[in-house]
Amino acid sequence: MGAERREVTINGLLRYEQCPRKYQLRDVLGRPSGDTFALRYGRVLHEVAEWLQGRALGTWRRGRRAGERPELACCGPALSRVIAEFWRRWRAAEHARPLPEPASSAQATRQRRDLENLPAMLGMLSDHLLQDPIVVVGEQFGRARTRWTGSPGLRVTEQAVLSGKMDRIVEREGALVVEDLSTSRRCPDVLTLPFDLHLNLWALAAEEFIGDPDALAIYDLRRGEVVQVPYDRAVAHHLMDEIVAPLAVLIEQGHFPKTPHGGWGCRYCGCFGPCWAEPPLSLTTALAQGASGPQSAGRSGGSPARRRQAV
């Protein structure tokens with residue numbers, strides 16, 4: 001019999017690259033992460049984007065089967081429906097877990113502006129999502145119930161298989177484009193985008209069922225801008241060999257060291273708990289130590305993610 005299959009998600013891999021202890025808390029011990037306004041805002045926007053594309057794609061396909069040739073952009077719901085769907089999902093999330101009060105007046109102002117700008121943002125998002133033919137929307141890969149061509153996922157080591165969920169693949173000016181929807185306040189950069197680990201792994205997965213993509217892109221929801229670069233398969237395999245494979249081996253070995261200069265206030269940690277000198281033995285121990293741990297250590301700490309090497 002072969003080696004036991006171990007699934008590593010792309011988001012988990014990125015968490016490990018930021019902070020191995022954060023990966024341990026979230027992906028090994030299963031400790032739930034804290035929620036913030038920014039995380040929830042981005043998550044709900046992604047959910048609404050997927051809902052919008054799914055409805056439009058379904059209407060378009062039904063029209064094609066009926067012998068019609070409707071334009072994809074005309075199949076989407078009205079903007080008022082999109083805004084209503086956002087608020088429905090936002091209220092559901094707030095009911096399930098209320099957000100903490102803003103820590104400062106400046107933070108409260110930023111949150112209020114984000115919500116005030118919501119109609120304009122959703123309008124730009126709708127226009128962008130429906131201007132190109134959609135090939136794939138919110139597709140899972142590497143899971144047992146994959147709808148793809150039976151690909152087991154991206155095998156990294158003898159045990160580790162990479163899985164994930166991509167935002168979308170579109171056809172733009174005759175090219176297949178793997179695109180990520182971003183709510184980050186950091187502006188996408190054409191110099192670093194060709195080496196983006198997330199997009200390159202999505203592109204490698206897409207090869208398994210749709211063929212080689214032509215480009216990688218990020219759509220900045222906050223600015224309504226697209227940054228697109230050519231896809232280089234050699235770069236993707238370089239990142240897989242030089243970054244993903246070594247990290248997967250460390251995960252298999254249970255190597256979860258503390259992030260240098262991290263601690264309670266580590267800016268990469270959404271768990272809102274302390275960082276320990278030794279790994280906690282169980283989730284119960286982790287929660288107990290989190291409740292009694294020091295609250296003053298390393299408030300301004302946090303190490304930057306590893307810089308990716310260019311080929």
# chains A, B, ... in the order shown; residues from 1 in each chain; ligands from 1
$ residues_around --residues "stretch 189-204 of chain A" --least-positions-apart "4" --cutoff "10 Å" --atoms "only C-alpha atoms" --output "PyMOL selection string"
chain A and resi 10-11+13-14+141+153-154+162-169+177-180+208-218+227-233+235-240+243-244+308-311
$ select_by_dssp --residues "stretch 74-157 of chain A" --states "alpha helix (DSSP H)" --output "count of residues only"
42
$ atom_distance --atom1 "atom CA of A:Glu71" --atom2 "atom CA of A:Thr183"
27.6 Å
$ atom_distance --atom1 "atom CA of A:Gly42" --atom2 "atom CA of A:Leu181"
9.2 Å
$ closest_residue --among "A:Pro257, A:Pro188, A:Gly123, A:Pro100" --to "A:Arg81" --atoms "only C-alpha atoms"
A:Gly123
$ residues_around --residues "A:Pro102" --least-positions-apart "3" --cutoff "12 Å" --atoms "only C-alpha atoms" --output "count of residues only"
12
$ atom_distance --atom1 "atom CA of A:Gln24" --atom2 "atom CA of A:Phe256"
6.5 Å
$ residues_around --residues "A:Glu252" --least-positions-apart "5" --cutoff "12 Å" --atoms "only C-alpha atoms" --output "number ranges by chain"
A: 4-8, 13, 24, 28, 156-161, 245-247
$ write_last_selection --atoms "N, CA and C atoms" --output "PDB file, in the first residue's frame"
ATOM      1  N   GLU A   4       0.216   7.126   3.316  1.00  0.00           N
ATOM      2  CA  GLU A   4      -1.051   7.741   3.692  1.00  0.00           C
ATOM      3  C   GLU A   4      -1.161   9.137   3.078  1.00  0.00           C
ATOM      4  N   ARG A   5      -2.325   9.426   2.510  1.00  0.00           N
ATOM      5  CA  ARG A   5      -2.536  10.714   1.858  1.00  0.00           C
ATOM      6  C   ARG A   5      -2.787  11.784   2.914  1.00  0.00           C
ATOM      7  N   ARG A   6      -2.033  12.851   2.851  1.00  0.00           N
ATOM      8  CA  ARG A   6      -2.192  13.965   3.778  1.00  0.00           C
ATOM      9  C   ARG A   6      -2.521  15.220   2.974  1.00  0.00           C
ATOM     10  N   GLU A   7      -3.633  15.852   3.341  1.00  0.00           N
ATOM     11  CA  GLU A   7      -4.069  17.028   2.588  1.00  0.00           C
ATOM     12  C   GLU A   7      -3.532  18.297   3.231  1.00  0.00           C
ATOM     13  N   VAL A   8      -2.932  19.147   2.425  1.00  0.00           N
ATOM     14  CA  VAL A   8      -2.459  20.451   2.866  1.00  0.00           C
ATOM     15  C   VAL A   8      -3.139  21.491   1.996  1.00  0.00           C
ATOM     16  N   LEU A  13      -0.912  26.464   3.853  1.00  0.00           N
ATOM     17  CA  LEU A  13       0.503  26.590   3.505  1.00  0.00           C
ATOM     18  C   LEU A  13       0.963  28.039   3.645  1.00  0.00           C
ATOM     19  N   GLN A  24      -0.150  25.761  13.316  1.00  0.00           N
ATOM     20  CA  GLN A  24      -0.418  24.708  14.284  1.00  0.00           C
ATOM     21  C   GLN A  24      -1.742  24.951  15.019  1.00  0.00           C
ATOM     22  N   VAL A  28      -3.799  22.354  12.844  1.00  0.00           N
ATOM     23  CA  VAL A  28      -3.501  21.103  13.543  1.00  0.00           C
ATOM     24  C   VAL A  28      -4.389  20.951  14.770  1.00  0.00           C
ATOM     25  N   VAL A 156       2.770  17.038  -3.609  1.00  0.00           N
ATOM     26  CA  VAL A 156       3.965  17.798  -3.269  1.00  0.00           C
ATOM     27  C   VAL A 156       5.075  16.874  -2.798  1.00  0.00           C
ATOM     28  N   THR A 157       4.737  15.986  -1.866  1.00  0.00           N
ATOM     29  CA  THR A 157       5.673  14.968  -1.407  1.00  0.00           C
ATOM     30  C   THR A 157       4.964  13.624  -1.538  1.00  0.00           C
ATOM     31  N   GLU A 158       5.602  12.567  -1.054  1.00  0.00           N
ATOM     32  CA  GLU A 158       4.980  11.242  -1.137  1.00  0.00           C
ATOM     33  C   GLU A 158       3.665  11.202  -0.367  1.00  0.00           C
ATOM     34  N   GLN A 159       3.566  12.010   0.680  1.00  0.00           N
ATOM     35  CA  GLN A 159       2.356  12.031   1.487  1.00  0.00           C
ATOM     36  C   GLN A 159       1.455  13.221   1.199  1.00  0.00           C
ATOM     37  N   ALA A 160       2.035  14.395   1.035  1.00  0.00           N
ATOM     38  CA  ALA A 160       1.257  15.631   1.009  1.00  0.00           C
ATOM     39  C   ALA A 160       0.640  15.891  -0.363  1.00  0.00           C
ATOM     40  N   VAL A 161      -0.651  16.178  -0.373  1.00  0.00           N
ATOM     41  CA  VAL A 161      -1.375  16.577  -1.568  1.00  0.00           C
ATOM     42  C   VAL A 161      -1.993  17.938  -1.294  1.00  0.00           C
ATOM     43  N   ALA A 245       7.426  22.431  -1.392  1.00  0.00           N
ATOM     44  CA  ALA A 245       7.895  21.117  -0.963  1.00  0.00           C
ATOM     45  C   ALA A 245       8.632  21.159   0.381  1.00  0.00           C
ATOM     46  N   PRO A 246       9.591  22.069   0.594  1.00  0.00           N
ATOM     47  CA  PRO A 246      10.247  22.116   1.908  1.00  0.00           C
ATOM     48  C   PRO A 246       9.273  22.419   3.048  1.00  0.00           C
ATOM     49  N   LEU A 247       8.305  23.318   2.822  1.00  0.00           N
ATOM     50  CA  LEU A 247       7.339  23.622   3.876  1.00  0.00           C
ATOM     51  C   LEU A 247       6.458  22.416   4.168  1.00  0.00           C
TER      52      LEU A 247
END
$ closest_residue --among "A:His46, A:Arg223, A:Arg155, A:Arg89" --to "A:Val137" --atoms "only C-alpha atoms"
A:His46
$ select_by_dssp --residues "stretch 126-241 of chain A" --states "strand (DSSP E)" --output "short mmCIF file (atom, residue, chain, number, x, y, z; two decimals) with C-alpha atoms, in the first residue's frame"
data_model
loop_
_atom_site.label_atom_id
_atom_site.label_comp_id
_atom_site.auth_asym_id
_atom_site.auth_seq_id
_atom_site.Cartn_x
_atom_site.Cartn_y
_atom_site.Cartn_z
CA ILE A 134 -16.54 32.81 -17.04
CA VAL A 135 -14.79 29.46 -17.31
CA VAL A 136 -14.59 28.45 -13.64
CA VAL A 137 -16.17 30.00 -10.54
CA GLN A 140 -12.48 23.22 -5.36
CA PHE A 141 -9.54 21.00 -6.28
CA LEU A 154 -1.19 18.71 -6.56
CA ARG A 155 1.12 16.09 -5.08
CA ALA A 160 1.26 15.63 1.01
CA VAL A 161 -1.37 16.58 -1.57
CA LEU A 162 -2.26 20.23 -2.01
CA SER A 163 -5.89 21.30 -2.18
CA GLY A 164 -7.66 24.64 -2.40
CA LYS A 165 -10.40 26.77 -3.86
CA ARG A 168 -12.28 32.30 -10.95
CA ILE A 169 -10.87 31.58 -14.39
CA VAL A 170 -12.07 33.77 -17.24
CA GLU A 171 -11.45 34.08 -20.95
CA ARG A 172 -10.12 37.57 -21.66
CA ALA A 175 -6.51 34.12 -23.13
CA LEU A 176 -7.30 31.97 -20.11
CA VAL A 177 -6.74 34.09 -17.00
CA VAL A 178 -6.51 32.75 -13.44
CA GLU A 179 -7.79 35.61 -11.29
CA ASP A 180 -7.87 36.31 -7.57
CA LEU A 181 -10.26 38.81 -5.96
CA SER A 182 -8.39 40.90 -3.40
CA ALA A 215 -2.09 34.81 -17.47
CA LEU A 216 -2.36 35.53 -13.76
CA ALA A 217 -4.40 38.45 -12.47
CA ILE A 218 -5.59 40.14 -9.30
CA TYR A 219 -8.73 42.25 -9.23
CA ASP A 220 -8.45 44.87 -6.49
CA GLU A 225 -8.37 47.80 -10.82
CA VAL A 226 -6.95 44.72 -12.53
CA VAL A 227 -3.27 43.81 -12.52
CA GLN A 228 -2.48 41.05 -15.03
CA VAL A 229 0.80 39.37 -15.98
CA PRO A 230 1.75 36.43 -18.22
#
